[in-house]
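Asker: Contents of final.pdb (PDB, C-alpha atoms and all ligand atoms) are below:
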```pdb
ATOM      1  CA  MET M   2      93.875  51.343 122.213
ATOM      2  CA  GLU M   3      96.322  50.239 124.877
ATOM      3  CA  GLN M   4      98.476  52.966 126.349
ATOM      4  CA  SER M   5     101.492  50.795 125.741
ATOM      5  CA  ALA M   6     100.892  51.285 122.018
ATOM      6  CA  LYS M   7     103.861  52.509 120.015
ATOM      7  CA  ILE M   8     102.739  56.116 119.582
ATOM      8  CA  TYR M   9     102.371  56.592 123.352
ATOM      9  CA  GLU M  10     106.108  56.037 123.835
ATOM     10  CA  ASP M  11     106.853  59.562 122.573
ATOM     11  CA  LEU M  12     104.694  61.222 125.243
ATOM     12  CA  ASP M  13     105.949  62.615 128.531
ATOM     13  CA  ARG M  14     102.508  62.276 130.045
ATOM     14  CA  ILE M  15      98.823  62.131 129.237
ATOM     15  CA  LEU M  16      97.086  65.429 129.879
ATOM     16  CA  VAL M  17      93.462  64.709 128.967
ATOM     17  CA  THR M  18      91.961  61.258 128.569
ATOM     18  CA  LYS M  19      89.481  60.273 125.894
ATOM     19  CA  GLU M  20      86.798  59.887 128.573
ATOM     20  CA  GLU M  21      87.373  63.457 129.803
ATOM     21  CA  ILE M  22      87.267  64.700 126.212
ATOM     22  CA  ALA M  23      83.984  62.914 125.506
ATOM     23  CA  GLU M  24      82.370  64.375 128.620
ATOM     24  CA  LYS M  25      83.451  67.962 127.912
ATOM     25  CA  VAL M  26      82.495  67.755 124.254
ATOM     26  CA  ARG M  27      79.040  66.501 125.226
ATOM     27  CA  GLU M  28      78.611  69.399 127.677
ATOM     28  CA  LEU M  29      79.757  71.893 125.071
ATOM     29  CA  GLY M  30      77.333  70.486 122.501
ATOM     30  CA  GLN M  31      74.486  70.886 124.973
ATOM     31  CA  LYS M  32      75.517  74.462 125.735
ATOM     32  CA  ILE M  33      75.669  75.386 122.053
ATOM     33  CA  THR M  34      72.281  73.732 121.522
ATOM     34  CA  LYS M  35      70.810  76.042 124.180
ATOM     35  CA  ASP M  36      72.681  79.168 123.119
ATOM     36  CA  TYR M  37      71.657  78.790 119.467
ATOM     37  CA  ALA M  38      68.080  77.601 120.001
ATOM     38  CA  GLY M  39      65.962  78.575 116.968
ATOM     39  CA  LYS M  40      69.067  79.234 114.850
ATOM     40  CA  GLU M  41      70.949  77.229 112.261
ATOM     41  CA  PRO M  42      74.615  77.889 112.937
ATOM     42  CA  VAL M  43      77.385  77.242 110.428
ATOM     43  CA  LEU M  44      80.137  75.184 112.016
ATOM     44  CA  VAL M  45      83.497  75.978 110.465
ATOM     45  CA  CYS M  46      86.117  73.315 110.991
ATOM     46  CA  ILE M  47      89.691  74.532 110.869
ATOM     47  CA  LEU M  48      91.637  71.765 109.163
ATOM     48  CA  LYS M  49      93.324  69.614 110.039
ATOM     49  CA  GLY M  50      93.767  69.729 113.809
ATOM     50  CA  ALA M  51      90.091  70.276 114.633
ATOM     51  CA  VAL M  52      88.627  67.384 112.616
ATOM     52  CA  LEU M  53      88.142  64.947 115.469
ATOM     53  CA  PHE M  54      86.795  67.608 117.838
ATOM     54  CA  PHE M  55      84.531  68.912 115.075
ATOM     55  CA  SER M  56      83.051  65.553 114.175
ATOM     56  CA  ASP M  57      82.380  64.674 117.807
ATOM     57  CA  LEU M  58      81.029  68.126 118.700
ATOM     58  CA  MET M  59      78.578  68.375 115.814
ATOM     59  CA  ARG M  60      76.960  65.105 116.853
ATOM     60  CA  GLU M  61      76.305  66.584 120.304
ATOM     61  CA  ILE M  62      74.491  69.619 118.890
ATOM     62  CA  ASP M  63      70.767  69.089 118.557
ATOM     63  CA  LEU M  64      70.148  71.761 115.918
ATOM     64  CA  PRO M  65      70.095  71.846 112.096
ATOM     65  CA  VAL M  66      73.724  72.927 111.675
ATOM     66  CA  THR M  67      75.652  73.164 108.435
ATOM     67  CA  ALA M  68      79.313  72.242 108.163
ATOM     68  CA  ASP M  69      82.056  73.926 106.194
ATOM     69  CA  PHE M  70      85.820  73.562 106.185
ATOM     70  CA  MET M  71      88.761  75.855 106.004
ATOM     71  CA  ALA M  72      92.469  75.125 105.862
ATOM     72  CA  ILE M  73      94.941  77.745 106.916
ATOM     73  CA  SER M  74      98.621  77.767 107.462
ATOM     74  CA  SER M  75     100.637  79.937 109.787
ATOM     75  CA  TYR M  76     104.131  80.398 108.521
ATOM     76  CA  GLY M  77     106.691  79.267 111.068
ATOM     77  CA  SER M  78     108.199  76.132 112.519
ATOM     78  CA  ALA M  79     106.183  73.088 113.550
ATOM     79  CA  THR M  80     105.868  74.264 117.139
ATOM     80  CA  LYS M  81     105.681  78.079 116.835
ATOM     81  CA  THR M  82     103.256  80.391 115.031
ATOM     82  CA  SER M  83     104.758  83.279 113.084
ATOM     83  CA  GLY M  84     101.610  85.432 112.904
ATOM     84  CA  VAL M  85     101.233  85.398 109.133
ATOM     85  CA  VAL M  86      98.214  83.369 108.093
ATOM     86  CA  ARG M  87      97.585  81.994 104.623
ATOM     87  CA  VAL M  88      94.262  80.471 103.444
ATOM     88  CA  LEU M  89      94.935  77.111 101.783
ATOM     89  CA  LYS M  90      91.290  76.090 101.405
ATOM     90  CA  ASP M  91      88.467  78.569 101.742
ATOM     91  CA  LEU M  92      84.861  77.984 102.771
ATOM     92  CA  ASP M  93      82.615  76.545 100.058
ATOM     93  CA  LYS M  94      79.618  78.737 100.895
ATOM     94  CA  ASP M  95      79.348  82.399 101.734
ATOM     95  CA  ILE M  96      78.456  83.296 105.307
ATOM     96  CA  VAL M  97      76.557  86.557 104.834
ATOM     97  CA  GLY M  98      73.939  86.814 107.590
ATOM     98  CA  LYS M  99      74.955  83.492 109.133
ATOM     99  CA  ASP M 100      75.719  82.618 112.735
ATOM    100  CA  VAL M 101      79.196  81.183 112.490
ATOM    101  CA  ILE M 102      80.997  79.040 115.039
ATOM    102  CA  ILE M 103      84.691  78.598 114.313
ATOM    103  CA  VAL M 104      85.810  75.202 115.606
ATOM    104  CA  GLU M 105      89.533  75.112 116.342
ATOM    105  CA  ASP M 106      91.809  72.637 118.055
ATOM    106  CA  ILE M 107      93.924  74.966 120.175
ATOM    107  CA  VAL M 108      94.381  78.631 120.950
ATOM    108  CA  ASP M 109      97.969  79.473 121.700
ATOM    109  CA  THR M 110      99.065  83.096 121.145
ATOM    110  CA  GLY M 111      95.649  83.756 119.589
ATOM    111  CA  VAL M 112      97.176  85.282 116.462
ATOM    112  CA  THR M 113      95.687  82.712 114.076
ATOM    113  CA  LEU M 114      92.131  82.937 115.400
ATOM    114  CA  ASN M 115      92.246  86.695 115.709
ATOM    115  CA  TYR M 116      93.146  86.936 112.036
ATOM    116  CA  LEU M 117      90.507  84.392 111.026
ATOM    117  CA  LYS M 118      87.771  85.992 113.078
ATOM    118  CA  SER M 119      88.273  89.426 111.576
ATOM    119  CA  MET M 120      88.496  87.921 108.101
ATOM    120  CA  LEU M 121      85.134  86.159 108.501
ATOM    121  CA  ALA M 122      83.582  89.230 110.161
ATOM    122  CA  HIS M 123      84.438  91.248 107.054
ATOM    123  CA  ARG M 124      82.379  88.815 104.990
ATOM    124  CA  GLY M 125      79.183  89.892 106.740
ATOM    125  CA  ALA M 126      78.424  87.071 109.169
ATOM    126  CA  ALA M 127      75.584  87.891 111.585
ATOM    127  CA  SER M 128      77.671  86.598 114.484
ATOM    128  CA  ILE M 129      80.941  84.789 114.994
ATOM    129  CA  ARG M 130      81.940  82.752 117.995
ATOM    130  CA  ILE M 131      84.950  80.575 118.659
ATOM    131  CA  ALA M 132      84.874  77.053 120.075
ATOM    132  CA  ALA M 133      88.303  75.710 120.989
ATOM    133  CA  LEU M 134      89.116  72.300 122.380
ATOM    134  CA  LEU M 135      92.221  73.539 124.177
ATOM    135  CA  ASP M 136      93.418  76.910 125.409
ATOM    136  CA  LYS M 137      96.955  77.781 126.436
ATOM    137  CA  THR M 138      95.950  81.023 128.126
ATOM    138  CA  ALA M 139      99.450  81.615 129.511
ATOM    139  CA  ARG M 140     100.764  82.181 125.998
ATOM    140  CA  ARG M 141      98.143  84.641 124.756
ATOM    141  CA  THR M 142      99.547  87.710 123.001
ATOM    142  CA  VAL M 143      96.156  88.927 121.738
ATOM    143  CA  PRO M 144      94.397  89.706 125.039
ATOM    144  CA  ASP M 145      91.267  91.068 123.313
ATOM    145  CA  LEU M 146      90.499  87.792 121.556
ATOM    146  CA  LYS M 147      87.356  86.308 123.068
ATOM    147  CA  VAL M 148      87.332  82.543 123.034
ATOM    148  CA  ASP M 149      83.646  81.881 123.648
ATOM    149  CA  TYR M 150      83.749  78.145 124.294
ATOM    150  CA  VAL M 151      86.719  76.188 125.648
ATOM    151  CA  CYS M 152      86.853  72.559 126.731
ATOM    152  CA  PHE M 153      90.215  72.550 128.544
ATOM    153  CA  ASP M 154      92.720  75.120 129.759
ATOM    154  CA  ILE M 155      96.146  73.561 129.458
ATOM    155  CA  PRO M 156      99.669  74.508 130.554
ATOM    156  CA  ASP M 157     102.319  75.781 128.182
ATOM    157  CA  ALA M 158     103.550  72.531 126.681
ATOM    158  CA  PHE M 159     103.441  71.141 123.162
ATOM    159  CA  VAL M 160     100.578  68.677 123.003
ATOM    160  CA  VAL M 161      99.486  66.067 120.485
ATOM    161  CA  GLY M 162      96.612  63.655 120.011
ATOM    162  CA  TYR M 163      92.872  63.816 119.283
ATOM    163  CA  GLY M 164      93.618  65.616 116.017
ATOM    164  CA  LEU M 165      96.671  67.560 117.100
ATOM    165  CA  ASP M 166      99.890  66.654 115.399
ATOM    166  CA  TYR M 167     103.600  66.971 115.360
ATOM    167  CA  ASP M 168     104.731  66.875 111.732
ATOM    168  CA  GLN M 169     101.383  65.202 110.790
ATOM    169  CA  THR M 170     101.903  62.344 113.265
ATOM    170  CA  TYR M 171     100.002  61.506 116.497
ATOM    171  CA  ARG M 172      96.622  62.828 115.292
ATOM    172  CA  ASN M 173      95.099  59.383 115.898
ATOM    173  CA  LEU M 174      95.955  59.226 119.601
ATOM    174  CA  PRO M 175      92.589  58.992 121.370
ATOM    175  CA  ASP M 176      93.936  60.975 124.355
ATOM    176  CA  ILE M 177      95.807  64.275 124.475
ATOM    177  CA  GLY M 178      99.367  64.169 125.773
ATOM    178  CA  VAL M 179     102.488  66.256 126.186
ATOM    179  CA  LEU M 180     104.982  65.378 123.490
ATOM    180  CA  SER M 181     108.396  64.568 124.855
ATOM    181  CA  PRO M 182     110.780  67.443 123.983
ATOM    182  CA  LYS M 183     113.309  64.851 122.840
ATOM    183  CA  ILE M 184     111.130  64.335 119.754
ATOM    184  CA  TYR M 185     111.327  67.927 118.538
ATOM    185  CA  GLY M 186     114.188  69.310 120.652
ATOM    186  CA  ASP M 187     116.738  69.186 117.864
ATOM    187  CA  LYS M 188     114.501  70.832 115.202
TER     188      LYS M 188
HETATM  189  P1  LIG M 201      98.242  80.695 117.683
HETATM  190  O1  LIG M 201      99.564  80.982 118.354
HETATM  191  O2  LIG M 201      98.069  81.511 116.456
HETATM  192  O3  LIG M 201      98.440  79.221 117.200
HETATM  193  O4  LIG M 201      97.099  80.785 118.634
HETATM  194  C1  LIG M 201      97.424  78.335 117.038
HETATM  195  C2  LIG M 201      97.904  77.179 116.210
HETATM  196  O5  LIG M 201      99.192  76.744 116.650
HETATM  197  C3  LIG M 201      99.276  75.350 116.626
HETATM  198  N1  LIG M 201      99.621  74.893 117.976
HETATM  199  C4  LIG M 201      99.764  73.623 118.360
HETATM  200  N2  LIG M 201      99.610  72.466 117.678
HETATM  201  N3  LIG M 201     100.181  71.262 119.622
HETATM  202  C5  LIG M 201      99.841  71.302 118.322
HETATM  203  O6  LIG M 201      99.714  70.238 117.717
HETATM  204  C6  LIG M 201     100.328  72.373 120.377
HETATM  205  O7  LIG M 201     100.658  72.289 121.573
HETATM  206  C7  LIG M 201     100.109  73.618 119.700
HETATM  207  N4  LIG M 201     100.179  74.906 120.115
HETATM  208  C8  LIG M 201      99.861  75.654 119.031
HETATM  209  C9  LIG M 201      97.942  74.857 116.160
HETATM  210  O8  LIG M 201      98.030  74.571 114.797
HETATM  211  C10 LIG M 201      96.990  76.007 116.369
HETATM  212  O9  LIG M 201      95.956  76.040 115.412
HETATM  213 MG    MG M 202      95.401  74.152 114.083
END
```
Rewrite the structure from the file as structure tokens, please.
Ligand code: XMP
Ligand code: MG

Answerer:
Amino acid sequence: MEQSAKIYEDLDRILVTKEEIAEKVRELGQKITKDYAGKEPVLVCILKGAVLFFSDLMREIDLPVTADFMAISSYGSATKTSGVVRVLKDLDKDIVGKDVIIVEDIVDTGVTLNYLKSMLAHRGAASIRIAALLDKTARRTVPDLKVDYVCFDIPDAFVVGYGLDYDQTYRNLPDIGVLSPKIYGDK
């Protein structure tokens, strides 16, 4: 897609290109393949933001993984998390004794993943790790949350693309960019 395409007009700048994403995702897949050698991890995709990352990452993992999906919603505005998490779609299979990898688009305050991780731990998983495409470490309010695998540390800006949205738009941008504040500034 040309960068002059219509949806790029709402970006201030491109933060991570599709080539950089592909390279990091490949490296992460290789790392997970090594770390989980001899195991059959369950990859849990957190809908909807992680779908593109999830589908690319699982193809870079050379192990017999299984895939499951979860949809959650944090109450709050489009750009801020409130801390209260609601499960909209639960996993199809139970995870007792399984090695679970939660695949998430972005860690911001860490509230959402912290909640999710303890929820899944209570279900008796053998292990739980977190793989996040992006990490806004500067905004973390849950310092104890361990994000085991991260592709990119990013600055504190609202980003869209490669699955990440603003009001369900921009998920199909192949790159990741900073959304111009003029788009959401008045909301
Ligand atoms: P917390 O604060 O709980 O929030 O770590 C994580 C969730 O907040 C959303 N989020 C974003 N979504 N661009 C987005 O499209 C962003 O820059 C951004 N920052 C946070 C996202 O849903 C994530 O799962
Ligand atoms: Mg999300």

Asker: Determine the nearest neighbour of ligand LIG 201 (chain M) from the options M:Lys49, M:Arg60, M:Lys99, M:Lys94, counting all atoms listed in the file.

Answerer: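 So, comparing all the options, the nearest one is M:Lys49.
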
Asker: Enter the distance from CA of Ile131 in chain M to CA of Thr170 in chain M, in Å, rounded to one decimal.

Answerer: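 CA of Thr170 in chain M lies 25.5 Å from CA of Ile131 in chain M.
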
Asker: Rounded to one decimal in Å, what is the spacing between CA of Ala139 in chain M and CA of Tyr116 in chain M?

Answerer: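 That distance, rounded to one decimal, is 19.3 Å.
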
Asker: Kindly provide, as JSON, numbers by chain, the polymer residues lying within 10 Å of (92.9, 60.2, 128.4), counting all atoms listed in the file and using the coordinates exactly as they appear in the file.

Answerer: {"M": [4, 14, 15, 16, 17, 18, 19, 20, 21, 22, 23, 162, 163, 174, 175, 176, 177, 178]}

Asker: What residues come out when you apply the PyMOL selection byres (((chain M and resi 104) around 9) and not hetatm) to this file, written as a PyMOL selection string?

Answerer: chain M and resi 44-47+51-52+54-55+102-103+105-106+130-134

Asker: Which residues match the PyMOL selection byres (((not hetatm)) within 7 of (chain M and resi 201)) in the file above, as a list in words?

Answerer: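 Here the PyMOL selection byres (((not hetatm)) within 7 of (chain M and resi 201)) matches Gly50, Thr80, Lys81, Thr82, Gly84, Glu105, Asp106, Ile107, Val108, Asp109, Thr110, Gly111, Val112, Thr113, Leu114, Ala158, Phe159, Val160, Val161, Leu165, Asp166 and Tyr167 of chain M.
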
Asker: Which of these, M:Val101, M:Lys25, M:Asp91, M:Gly39, has the shortest distance to Ala127 in chain M once you count only C-alpha atoms?

Answerer: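 Among the listed residues, the smallest separation from Ala127 in chain M belongs to M:Val101.
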
Asker: Would you mind telling me which residue in M:Asp145, M:Val43, M:Ser75, M:Arg27 lies nearest to Leu121 in chain M when using only C-alpha atoms?

Answerer: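 Checking each of M:Asp145, M:Val43, M:Ser75, M:Arg27 against Leu121 in chain M, counting only C-alpha atoms, the winner is M:Val43.
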
Asker: Name the residues in contact with Arg124 in chain M at a cut-off of 7 Å, using all atoms listed in the file, excluding same-chain residues fewer than 2 positions from it; report them as a list in words.

Answerer: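 Listing them by chain and then by number gives Ile96, Val97, Met120, Leu121, Ala122 and Ala126 of chain M.
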
Asker: With distances taken over all atoms listed in the file, which residue among M:Thr142, M:Ser181, M:Gln169, M:Thr67 lies nearest ligand MG 202 (chain M)?

Answerer: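 Once distances to ligand MG 202 (chain M) are computed over all atoms listed in the file, the minimum belongs to M:Gln169.
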
Asker: Go ahead and compute the interatomic distance for CA of Pro42 in chain M and CA of Val88 in chain M, in Å to one decimal.

Answerer: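 So the two atoms, CA of Pro42 in chain M and CA of Val88 in chain M, lie 22.0 Å apart.
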
Asker: Go through M:Lys35, M:Arg140, M:Lys183, M:Arg172 one by one, measure the shortest atom-to-atom distance of each to ligand MG 202 (chain M) using only C-alpha atoms and all ligand atoms, and give the residue with the smallest value.

Answerer: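 When distances to ligand MG 202 (chain M) are compared using only C-alpha atoms and all ligand atoms, the smallest one comes from M:Arg172.
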
Asker: Could you model N, CA and C atoms for range 107-131 of chain M and present them as an mmCIF file, keeping the file's coordinate frame?

Answerer:
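Output (part.cif):
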```cif
data_model
loop_
_atom_site.group_PDB
_atom_site.id
_atom_site.type_symbol
_atom_site.label_atom_id
_atom_site.label_comp_id
_atom_site.auth_asym_id
_atom_site.auth_seq_id
_atom_site.Cartn_x
_atom_site.Cartn_y
_atom_site.Cartn_z
ATOM 1 N N ILE M 107 93.203 74.378 119.043
ATOM 2 C CA ILE M 107 93.924 74.966 120.175
ATOM 3 C C ILE M 107 94.175 76.450 119.939
ATOM 4 N N VAL M 108 94.012 77.221 120.989
ATOM 5 C CA VAL M 108 94.381 78.631 120.950
ATOM 6 C C VAL M 108 95.668 78.777 121.741
ATOM 7 N N ASP M 109 96.653 79.326 121.079
ATOM 8 C CA ASP M 109 97.969 79.473 121.700
ATOM 9 C C ASP M 109 98.188 80.978 121.889
ATOM 10 N N THR M 110 98.927 81.635 121.032
ATOM 11 C CA THR M 110 99.065 83.096 121.145
ATOM 12 C C THR M 110 97.746 83.798 120.836
ATOM 13 N N GLY M 111 96.924 83.165 120.001
ATOM 14 C CA GLY M 111 95.649 83.756 119.589
ATOM 15 C C GLY M 111 95.743 84.475 118.254
ATOM 16 N N VAL M 112 96.944 84.544 117.718
ATOM 17 C CA VAL M 112 97.176 85.282 116.462
ATOM 18 C C VAL M 112 96.349 84.683 115.309
ATOM 19 N N THR M 113 96.373 83.373 115.186
ATOM 20 C CA THR M 113 95.687 82.712 114.076
ATOM 21 C C THR M 113 94.179 82.979 114.127
ATOM 22 N N LEU M 114 93.587 82.764 115.288
ATOM 23 C CA LEU M 114 92.131 82.937 115.400
ATOM 24 C C LEU M 114 91.713 84.399 115.298
ATOM 25 N N ASN M 115 92.544 85.276 115.797
ATOM 26 C CA ASN M 115 92.246 86.695 115.709
ATOM 27 C C ASN M 115 92.165 87.117 114.241
ATOM 28 N N TYR M 116 93.104 86.645 113.470
ATOM 29 C CA TYR M 116 93.146 86.936 112.036
ATOM 30 C C TYR M 116 91.917 86.348 111.339
ATOM 31 N N LEU M 117 91.640 85.085 111.647
ATOM 32 C CA LEU M 117 90.507 84.392 111.026
ATOM 33 C C LEU M 117 89.179 85.058 111.363
ATOM 34 N N LYS M 118 89.038 85.416 112.635
ATOM 35 C CA LYS M 118 87.771 85.992 113.078
ATOM 36 C C LYS M 118 87.506 87.317 112.361
ATOM 37 N N SER M 119 88.521 88.145 112.254
ATOM 38 C CA SER M 119 88.273 89.426 111.576
ATOM 39 C C SER M 119 88.053 89.205 110.087
ATOM 40 N N MET M 120 88.714 88.219 109.522
ATOM 41 C CA MET M 120 88.496 87.921 108.101
ATOM 42 C C MET M 120 87.043 87.507 107.852
ATOM 43 N N LEU M 121 86.509 86.626 108.693
ATOM 44 C CA LEU M 121 85.134 86.159 108.501
ATOM 45 C C LEU M 121 84.127 87.261 108.843
ATOM 46 N N ALA M 122 84.472 88.122 109.800
ATOM 47 C CA ALA M 122 83.582 89.230 110.161
ATOM 48 C C ALA M 122 83.420 90.174 108.969
ATOM 49 N N HIS M 123 84.491 90.372 108.231
ATOM 50 C CA HIS M 123 84.438 91.248 107.054
ATOM 51 C C HIS M 123 83.542 90.693 105.957
ATOM 52 N N ARG M 124 83.237 89.431 106.022
ATOM 53 C CA ARG M 124 82.379 88.815 104.990
ATOM 54 C C ARG M 124 80.899 88.944 105.334
ATOM 55 N N GLY M 125 80.585 89.593 106.437
ATOM 56 C CA GLY M 125 79.183 89.892 106.740
ATOM 57 C C GLY M 125 78.425 88.832 107.508
ATOM 58 N N ALA M 126 79.121 88.040 108.311
ATOM 59 C CA ALA M 126 78.424 87.071 109.169
ATOM 60 C C ALA M 126 77.570 87.827 110.192
ATOM 61 N N ALA M 127 76.435 87.254 110.564
ATOM 62 C CA ALA M 127 75.584 87.891 111.585
ATOM 63 C C ALA M 127 76.271 87.842 112.944
ATOM 64 N N SER M 128 76.929 86.731 113.232
ATOM 65 C CA SER M 128 77.671 86.598 114.484
ATOM 66 C C SER M 128 78.790 85.585 114.272
ATOM 67 N N ILE M 129 79.831 85.746 115.057
ATOM 68 C CA ILE M 129 80.941 84.789 114.994
ATOM 69 C C ILE M 129 81.384 84.463 116.412
ATOM 70 N N ARG M 130 81.392 83.181 116.717
ATOM 71 C CA ARG M 130 81.940 82.752 117.995
ATOM 72 C C ARG M 130 83.018 81.707 117.740
ATOM 73 N N ILE M 131 83.839 81.520 118.764
ATOM 74 C CA ILE M 131 84.950 80.575 118.659
ATOM 75 C C ILE M 131 84.754 79.447 119.664
#
```
